[in-house]
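K.L.:
The following block contains the structure, expressed as structure tokens.
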Amino acid sequence: MATPPQASPGYSRTITPQMDSLSSKPDQSAMSPAPPTISSGAPRFPPPISQQDQIPSPSIKLSTMLSPANGVNTGSSVPHMSTPPGPPVFASPVRPAAVPFRTSPATPQPVAFSSASSLPTSSPPYFSNGSVELQQQLPSAIEEPVPDGKSPCVLFSAHKVLKHKKQANVPSLGFGVLVSPGRDTSPGPQVIQRDPHRCLDCGAYSNLYSNILIGSGQWQCVICGNLNGSEGEYIALSKEELRNFPELSSPLVDFIQTGNKRPSFVLVTDLRTSAPVFLVIDECLDEQHLQYLQSSLHAFVDSLPPTTRIGIILYGRAISVYDFSEESIASAEVIPGGASPTQEALKALIYGTGIYLSPMHASKEVAHLIFSSLRPYKLNVPEASRDRCLGTAVEVALAIIQGPSADFSRGVVKRPGVNSRIIVCAGGPNTYGPGSVPHSYTHPNYPHKEKTAIKWMEHLGREAHQQNTVVDILCAGTCPVRVPVLQPLAKASGGAFVLHDDFGEAFGMNLQRASARAAGSHGLLEIRCSDDILVTQVVGPGEEAHIENHETFKNDLSLCIQMLSVEETQCFSISMENRHDIKSDFVFFQFAIQYSNVYQADITRVITIRLPTVDSVPEYLQSVEDEVAAVLIAKRTLLGAKSHSDAIDMRTTIDERVKDIALKFGSQVPKSKLCRFPKEISLLPEFLFHLRRGPLLGNIVGHEDERSVLRNLFLNASFDLSLRMVAPRCLMHREGGTFEELPAYDLVMQSDTAVVLDHGTDVFIWLGAELAADEGRSAAALAACKTLAEELTELRFPAPRILAFKEGSSQARYFVSRLIPAHKDPPYEQEARFPQLRTLTTEQRTKLKSSFIHFDDPSFCEWIRSLKVVPPEPI
């Protein structure tokens with residue numbers, strides 16, 4: 001693959017915000033960064049922004065047209081946040097920025113091949129119908145070059161593979177791939193409504209790289225070399241005729257089976273009609289939090305399609321299960337929350353006359369009445385000490401979803417295997433009933449009770465997963481929610497755990513986007529590689545599956561991963577090594593994803609990729625994708641950061657990694673013992689520097705609960721969100737409504753400009769003091785920045801909080817702490833990143849430097865030199 005031109009860190013491009021334009025793929029010579037994290041100040045959540053410092057954030061506009069995406073627009077033109085007042089009109093499309101920035105995930109570029117893989121000349125494999133010499137039919141095989149496969153669902157850290165094991169298996173850099181099983185592709189994949197052809201020896205699927213004997217219709221497996229029959233299907237008069245088979249012409253195909261296996265398959269017009277949404281709401285909230293929650297809930301039900309079925313449960317010391325059987329009346333069944341409900345109690349509830357899951361078109365008025373009737377907590381009890389039976393409430397919700405639903409009374413037959421979603425709106429910890437922990441950490445038996453609660457929550461999450469129900473937990477407020485206890489419930493069910501400052505804008509947006517995520521079930525990821533390649537580690541939302549399929553495929557050596565759910569927002573990080581020195585010119589990788597979609601159709605998605613092998617280390621380094629490599633390294637690193645002390649150790653690990661890469665792949669500096677970091681991957685150390693000082697490993701986020709949530713989110717997140725969580729994306733507003741993309745250094749803080757900083761789970765808008773003093777210009781700049789922020793985060797889950805503030809305000813520290821400090825660097829190093837500084841006078845430079853908020857953190861150049869490594873060019 002041709003590597004994008006390596007630009008200096010100071011290289012910038014101008015972009016103009018326009019709705020939906022960020023969804024278009026960047027041209028193949030340009031890439032953009034994205035990165036990210038959530039943050040706060042000292043306690044678990046930052047203090048409220050003072051009235052004079054805060055710039056109002058845009059109001060929520062919850063749309064009814066959502067597709068699960070993670071920062072990548074999949075085509076919906078419906079905005080999910082209202083347009084701020086008076087933004088300028090943006091007509092020109094967004095132009096992708098140069099390295100190191102990306103507006104959409106990198107797509108591997110094709111590599112030219114001289115010829116297809118040749119068939120073996122000795123020890124020919126056996127045909128499925130007998131032993132026949134392969135050489136006799138070789139002229140009939142397809143021999144013309146096949147273009148390298150590429151797929152947005154699969155991103156390799158390099159587009160070439162080193163042949164020599166010792167060079168390839170350097171752990172500091174490593175080799176791997178990011179696989180997004182449920183990602184929507186545009187244009188969509190080739191769809192085949194029949195069974196796939198599979199290798200009888202190893203179980204691999206036929207693909208565009210398989211050698212086909214067109215006279216007999218037999219095909220050779222690229223993984224094990226076995227020759228298989230196709231039941232005459234691949235018999236053709238010419239090789240062009242074989243290209244009509246999607247699996248022989250496209251690297252990504254979907255096999256769909258809806259036959260007798262799924263008699264309940266019903267084609268519906270909306271993905272969410274088959275996915276009931278059950279709201280489990282904390283009723284122990286103070287008035288301020290409750291008002292925000294009510295507003296978000298009212299907007300949420302207004303956004304749902306009329307066919308979506310909804311259920312509502314409130315929990316405190318008891319559980320209120322709301323009944324929709326009476327129109328215009330909010331009534332509920334009350335169940336004690338101190339223990340798991342008995343079977344008799346559940347039967348009485350399920351088989352009774354109440355309707356607890358009802359379509360929105362019949363229950364919207366009642367839902368609004370329920371939300372309006374909510375009252376703040378009245379007892380004089382601290383937030384953390386209030387009785388909340390969250391675990392029991394989820395148990396009841398699961399029972400209602402899976403039991404004989406009262407929907408029978410409305411002529412709606414409940415079909416088995418439906419994908420459901422429980423969304424918990426929590427304002428505090430689970431302190432009552434099963435899975436609870438004591439109110440106080442000082443309880444003499446707290447460690448044991450916490451351990452027991454974690455196991456119980458994990459068991460409940462697994463039970464939900466077995467019932468095809470995903471549990472999302474959305475927390476908000478200032479009360480600690482005991483993240484270690486609640487997180488296993490969401491994780492084991494395949495759901496998300498998200499923390500918010502309050503129940504306002506970001507919470508409401510995530511409430512809507514969580515309900516709109518179309519989740520597949522019964523997911524299985526099979527990984528097959530050429531015999532030269534060994535899979536060493538898999539990180540992502542799944543666990544190893546033990547499937548006895550060698551009775552059918554006697555030599556199936558694939559690695560099988562059971563996916564907890566199949567969603568577009570998820571990603572698996574797969575690390576690989578060479579088993580031995582590679583002698584072939586190509587290696588092959590095949591990823592097969594099997595799952596049931598929201599229509600209850602069985603899908604088998606097959607992605608086959610071929611990469612060339614090389615002897616030259618510089619040639620290999622040229623093919624490395626810095627961004628993908630950085631995300632792979634970050635996921636491997638974060639896996640070991642289970643606590644704050646672990647995170648400190650991981651920062652040291654990053655330091656050692658950078659030194660080792662320079663030693664193994666860099667060049668010796670003349671007349672010195674120092675090594676220069678390889679220029680081919682010059683962006684990688686900067687990404688890793690952002691990682692070690694950012695919210696994932698650094699001290700920007702004030703509470704370990706927040707860091708824990710961010711790490712777990714990051715380990716499962718898609719490439720787009722993961723990259724933004726590693727390193728922020730910085731966009732400076734220019735006159736005329738355009739934005740210039742610049743490195744995320746504090747040199748960008750110029751008093752006459754406005755800057756947007758996208759850090760994945762947070763987006764910050766910073767207005768310079770001079771600009772803020774000009775009311776007209778600042779209003780236009782702020783409107784343009786808000787519009788751009790909404791476009792950048794449209795459809796992203798979790799939806800980030802968007803904060804806007806002025807230079808010098810207390811909240812500005814959140815923005816500054818995410819920028820690399822460079823004001824202490826020599827002028828020539830500053831100008832290497834910001835050529836604009838060359839035109840400044842000495843007076844302007846002094847003024848610019850005095851506007852910085854100083855931190856003790858070293859700059860990038862200071863850090864990398866402290867490792868005895870010479871920074872890569874052009875520094």
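Every chain in the structure tokens takes a letter, A first, then B, and so on in the order presented; its residues are numbered from 1, and the ligands are numbered from 1 following the presented order.
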Please tabulate, as a tab-separated table, the residues of range 615-640 of chain A that come within 10 Å of range 682-690 of chain A, each with its closest pair of atoms and the distance in Å to one decimal, counting only C-alpha atoms and ordering rows by chain, then residue number upward.
P.N.:
```
residue	atom	partner	partner_atom	distance
A:Val624	CA	A:Leu684	CA	9.9
A:Glu625	CA	A:Leu684	CA	9.0
A:Asp626	CA	A:Leu684	CA	5.3
A:Glu627	CA	A:Leu684	CA	7.2
A:Val628	CA	A:Leu684	CA	9.6
A:Ala629	CA	A:Leu684	CA	7.6
A:Ala630	CA	A:Leu684	CA	6.2
A:Val631	CA	A:Phe687	CA	8.8
A:Ile633	CA	A:Leu688	CA	8.5
A:Ala634	CA	A:Leu688	CA	7.7
```
K.L.:
Using N, CA and C atoms, can you export the residues from the last selection as a CSV table (one decimal), in the first residue's frame?
P.N.:
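As a result, result22.csv now contains:
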```csv
chain,number,residue,atom,x,y,z
A,624,VAL,N,3.5,1.1,7.6
A,624,VAL,CA,2.8,1.2,8.9
A,624,VAL,C,1.9,2.4,9.0
A,625,GLU,N,0.7,2.1,9.5
A,625,GLU,CA,-0.3,3.2,9.8
A,625,GLU,C,-0.1,3.6,11.2
A,626,ASP,N,0.4,4.8,11.4
A,626,ASP,CA,0.7,5.3,12.7
A,626,ASP,C,-0.5,5.3,13.6
A,627,GLU,N,-1.7,5.7,13.1
A,627,GLU,CA,-2.9,5.8,13.9
A,627,GLU,C,-3.4,4.5,14.4
A,628,VAL,N,-3.4,3.5,13.5
A,628,VAL,CA,-3.9,2.2,13.8
A,628,VAL,C,-2.9,1.5,14.8
A,629,ALA,N,-1.6,1.7,14.5
A,629,ALA,CA,-0.6,1.2,15.4
A,629,ALA,C,-0.7,1.8,16.8
A,630,ALA,N,-1.0,3.1,16.9
A,630,ALA,CA,-1.1,3.8,18.2
A,630,ALA,C,-2.3,3.2,19.0
A,631,VAL,N,-3.4,3.0,18.3
A,631,VAL,CA,-4.6,2.5,19.0
A,631,VAL,C,-4.3,1.0,19.4
A,633,ILE,N,-1.4,-0.3,20.3
A,633,ILE,CA,-0.5,-0.2,21.4
A,633,ILE,C,-1.3,0.3,22.6
A,634,ALA,N,-2.2,1.3,22.4
A,634,ALA,CA,-2.9,1.8,23.6
A,634,ALA,C,-3.8,0.8,24.2
```
K.L.:
Please list as a list in words every residue within 9 Å of Ala236 in chain A, counting only C-alpha atoms and excluding residues in the same chain fewer than 2 positions away.
P.N.:
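Near neighbours after the sequence-gap exclusion: Leu213, Ile214, Gly215, Ser216, Gly217, Glu233, Tyr234, Ser238, Lys239, Glu240, Glu241 and Leu242 of chain A.
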K.L.:
Range 646-725 of chain A: which residues are helix (DSSP H, G or I) by DSSP, as a CSV table (one decimal) with N, CA and C atoms, in the first residue's frame?
P.N.:
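Okay, this is what ended up in result-v7.csv:
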```
chain,number,residue,atom,x,y,z
A,646,ASP,N,-1.3,0.9,38.6
A,646,ASP,CA,-1.0,0.2,37.4
A,646,ASP,C,-0.8,1.3,36.2
A,647,ALA,N,-1.6,2.3,36.2
A,647,ALA,CA,-1.5,3.3,35.2
A,647,ALA,C,-0.2,4.0,35.2
A,648,ILE,N,0.4,4.2,36.4
A,648,ILE,CA,1.7,4.8,36.5
A,648,ILE,C,2.7,3.9,35.9
A,649,ASP,N,2.6,2.6,36.2
A,649,ASP,CA,3.5,1.6,35.6
A,649,ASP,C,3.4,1.6,34.1
A,650,MET,N,2.2,1.7,33.6
A,650,MET,CA,2.0,1.7,32.1
A,650,MET,C,2.6,2.9,31.5
A,651,ARG,N,2.7,4.0,32.2
A,651,ARG,CA,3.4,5.2,31.6
A,651,ARG,C,4.8,4.9,31.4
A,652,THR,N,5.4,4.2,32.4
A,652,THR,CA,6.8,3.8,32.3
A,652,THR,C,7.0,2.8,31.1
A,653,THR,N,6.0,1.9,30.9
A,653,THR,CA,6.0,1.0,29.8
A,653,THR,C,6.1,1.7,28.5
A,654,ILE,N,5.3,2.8,28.4
A,654,ILE,CA,5.3,3.5,27.1
A,654,ILE,C,6.6,4.2,26.9
A,655,ASP,N,7.3,4.7,27.9
A,655,ASP,CA,8.6,5.2,27.8
A,655,ASP,C,9.6,4.2,27.2
A,656,GLU,N,9.5,3.0,27.8
A,656,GLU,CA,10.4,1.9,27.4
A,656,GLU,C,10.1,1.5,26.0
A,657,ARG,N,8.8,1.5,25.6
A,657,ARG,CA,8.4,1.1,24.3
A,657,ARG,C,9.0,2.1,23.2
A,658,VAL,N,8.9,3.4,23.5
A,658,VAL,CA,9.5,4.3,22.5
A,658,VAL,C,11.0,4.2,22.4
A,659,LYS,N,11.7,3.9,23.5
A,659,LYS,CA,13.1,3.7,23.4
A,659,LYS,C,13.5,2.5,22.6
A,660,ASP,N,12.7,1.4,22.8
A,660,ASP,CA,13.0,0.2,22.1
A,660,ASP,C,12.7,0.3,20.6
A,661,ILE,N,11.7,1.0,20.2
A,661,ILE,CA,11.4,1.2,18.8
A,661,ILE,C,12.5,1.9,18.2
A,662,ALA,N,13.0,3.0,18.8
A,662,ALA,CA,14.1,3.7,18.3
A,662,ALA,C,15.4,2.9,18.2
A,663,LEU,N,15.6,2.0,19.1
A,663,LEU,CA,16.8,1.1,19.1
A,663,LEU,C,16.7,0.1,18.0
A,664,LYS,N,15.5,-0.5,17.9
A,664,LYS,CA,15.3,-1.6,16.9
A,664,LYS,C,15.1,-1.2,15.5
A,665,PHE,N,14.5,0.0,15.3
A,665,PHE,CA,14.1,0.4,13.9
A,665,PHE,C,14.7,1.8,13.6
A,679,LYS,N,11.8,8.0,11.0
A,679,LYS,CA,11.0,9.0,10.4
A,679,LYS,C,9.8,8.5,9.7
A,680,GLU,N,9.8,7.2,9.3
A,680,GLU,CA,8.6,6.6,8.7
A,680,GLU,C,7.4,6.5,9.6
A,681,ILE,N,7.6,6.5,10.9
A,681,ILE,CA,6.5,6.4,11.9
A,681,ILE,C,6.7,7.6,12.8
A,684,LEU,N,3.9,8.4,15.6
A,684,LEU,CA,3.6,7.4,16.6
A,684,LEU,C,4.0,7.9,18.0
A,685,PRO,N,5.2,8.4,18.2
A,685,PRO,CA,5.6,8.9,19.6
A,685,PRO,C,4.7,10.0,20.1
A,686,GLU,N,4.3,10.9,19.2
A,686,GLU,CA,3.4,12.0,19.6
A,686,GLU,C,2.1,11.4,20.1
A,687,PHE,N,1.5,10.4,19.4
A,687,PHE,CA,0.3,9.8,19.8
A,687,PHE,C,0.5,9.2,21.2
A,688,LEU,N,1.6,8.5,21.4
A,688,LEU,CA,1.9,7.8,22.7
A,688,LEU,C,2.1,8.8,23.8
A,689,PHE,N,2.7,10.0,23.5
A,689,PHE,CA,2.8,11.1,24.5
A,689,PHE,C,1.5,11.6,24.9
A,690,HIS,N,0.5,11.8,24.0
A,690,HIS,CA,-0.8,12.1,24.4
A,690,HIS,C,-1.4,11.1,25.3
A,691,LEU,N,-1.2,9.8,24.9
A,691,LEU,CA,-1.8,8.7,25.7
A,691,LEU,C,-1.3,8.7,27.2
A,692,ARG,N,0.0,8.9,27.4
A,692,ARG,CA,0.6,8.8,28.7
A,692,ARG,C,0.2,10.0,29.6
A,693,ARG,N,-0.1,11.1,29.0
A,693,ARG,CA,-0.5,12.3,29.9
A,693,ARG,C,-1.9,12.6,29.8
A,704,GLU,N,-10.7,8.0,40.2
A,704,GLU,CA,-10.3,6.7,39.7
A,704,GLU,C,-11.6,6.1,39.0
A,705,ASP,N,-12.8,6.3,39.6
A,705,ASP,CA,-14.0,5.8,38.9
A,705,ASP,C,-14.1,6.2,37.5
A,706,GLU,N,-13.9,7.5,37.3
A,706,GLU,CA,-14.0,8.0,35.9
A,706,GLU,C,-12.9,7.4,35.0
A,707,ARG,N,-11.7,7.3,35.5
A,707,ARG,CA,-10.6,6.6,34.7
A,707,ARG,C,-11.0,5.2,34.4
A,708,SER,N,-11.5,4.5,35.4
A,708,SER,CA,-11.9,3.1,35.1
A,708,SER,C,-13.0,3.0,34.1
A,709,VAL,N,-14.0,3.9,34.1
A,709,VAL,CA,-15.0,3.8,33.1
A,709,VAL,C,-14.5,4.1,31.7
A,710,LEU,N,-13.6,5.1,31.6
A,710,LEU,CA,-13.0,5.5,30.4
A,710,LEU,C,-12.1,4.3,29.8
A,711,ARG,N,-11.4,3.7,30.6
A,711,ARG,CA,-10.5,2.5,30.2
A,711,ARG,C,-11.4,1.4,29.6
A,712,ASN,N,-12.5,1.1,30.3
A,712,ASN,CA,-13.3,0.0,29.8
A,712,ASN,C,-14.0,0.4,28.5
A,713,LEU,N,-14.4,1.7,28.4
A,713,LEU,CA,-15.0,2.2,27.2
A,713,LEU,C,-14.0,2.1,26.1
A,714,PHE,N,-12.8,2.5,26.4
A,714,PHE,CA,-11.8,2.5,25.3
A,714,PHE,C,-11.4,1.1,24.8
A,715,LEU,N,-11.4,0.1,25.7
A,715,LEU,CA,-11.0,-1.2,25.3
A,715,LEU,C,-12.0,-1.8,24.3
A,716,ASN,N,-13.2,-1.4,24.3
A,716,ASN,CA,-14.3,-1.9,23.4
A,716,ASN,C,-14.6,-1.0,22.3
A,719,PHE,N,-12.6,2.1,16.2
A,719,PHE,CA,-11.3,2.8,15.9
A,719,PHE,C,-11.4,4.3,16.0
A,720,ASP,N,-12.5,4.9,15.4
A,720,ASP,CA,-12.7,6.3,15.4
A,720,ASP,C,-12.7,6.9,16.8
A,721,LEU,N,-13.5,6.4,17.7
A,721,LEU,CA,-13.6,6.9,19.1
A,721,LEU,C,-12.3,6.6,19.8
A,722,SER,N,-11.7,5.4,19.6
A,722,SER,CA,-10.4,5.1,20.3
A,722,SER,C,-9.3,6.0,19.9
A,723,LEU,N,-9.2,6.4,18.6
A,723,LEU,CA,-8.2,7.3,18.2
A,723,LEU,C,-8.4,8.7,18.9
A,724,ARG,N,-9.6,9.1,18.9
A,724,ARG,CA,-9.9,10.4,19.6
A,724,ARG,C,-9.6,10.3,21.1
A,725,MET,N,-9.8,9.2,21.7
A,725,MET,CA,-9.5,9.0,23.1
A,725,MET,C,-8.0,8.9,23.4
```
K.L.:
Mind checking DSSP for range 688-806 of chain A and telling me the strand (DSSP E) residues as a count of residues only?
P.N.:
28
K.L.:
Pick the closest to Ser373 in chain A from A:Gln167, A:Ser249, A:Gln291, A:Thr569: which is it, counting only C-alpha atoms?
P.N.:
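Among A:Gln167, A:Ser249, A:Gln291, A:Thr569, it is A:Gln291 that comes nearest to Ser373 in chain A.
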K.L.:
If we count only C-alpha atoms, what is near Glu395 in chain A at a cut-off of 10 Å, once residues fewer than 3 positions away on the same chain are taken out, given as JSON, numbers by chain?
P.N.:
{"A": [340, 341, 390, 391, 392, 398, 399, 400, 434, 460, 461, 463, 464]}
K.L.:
By how many Å are CA of Leu757 in chain A and CA of Leu782 in chain A apart?
P.N.:
13.1 Å
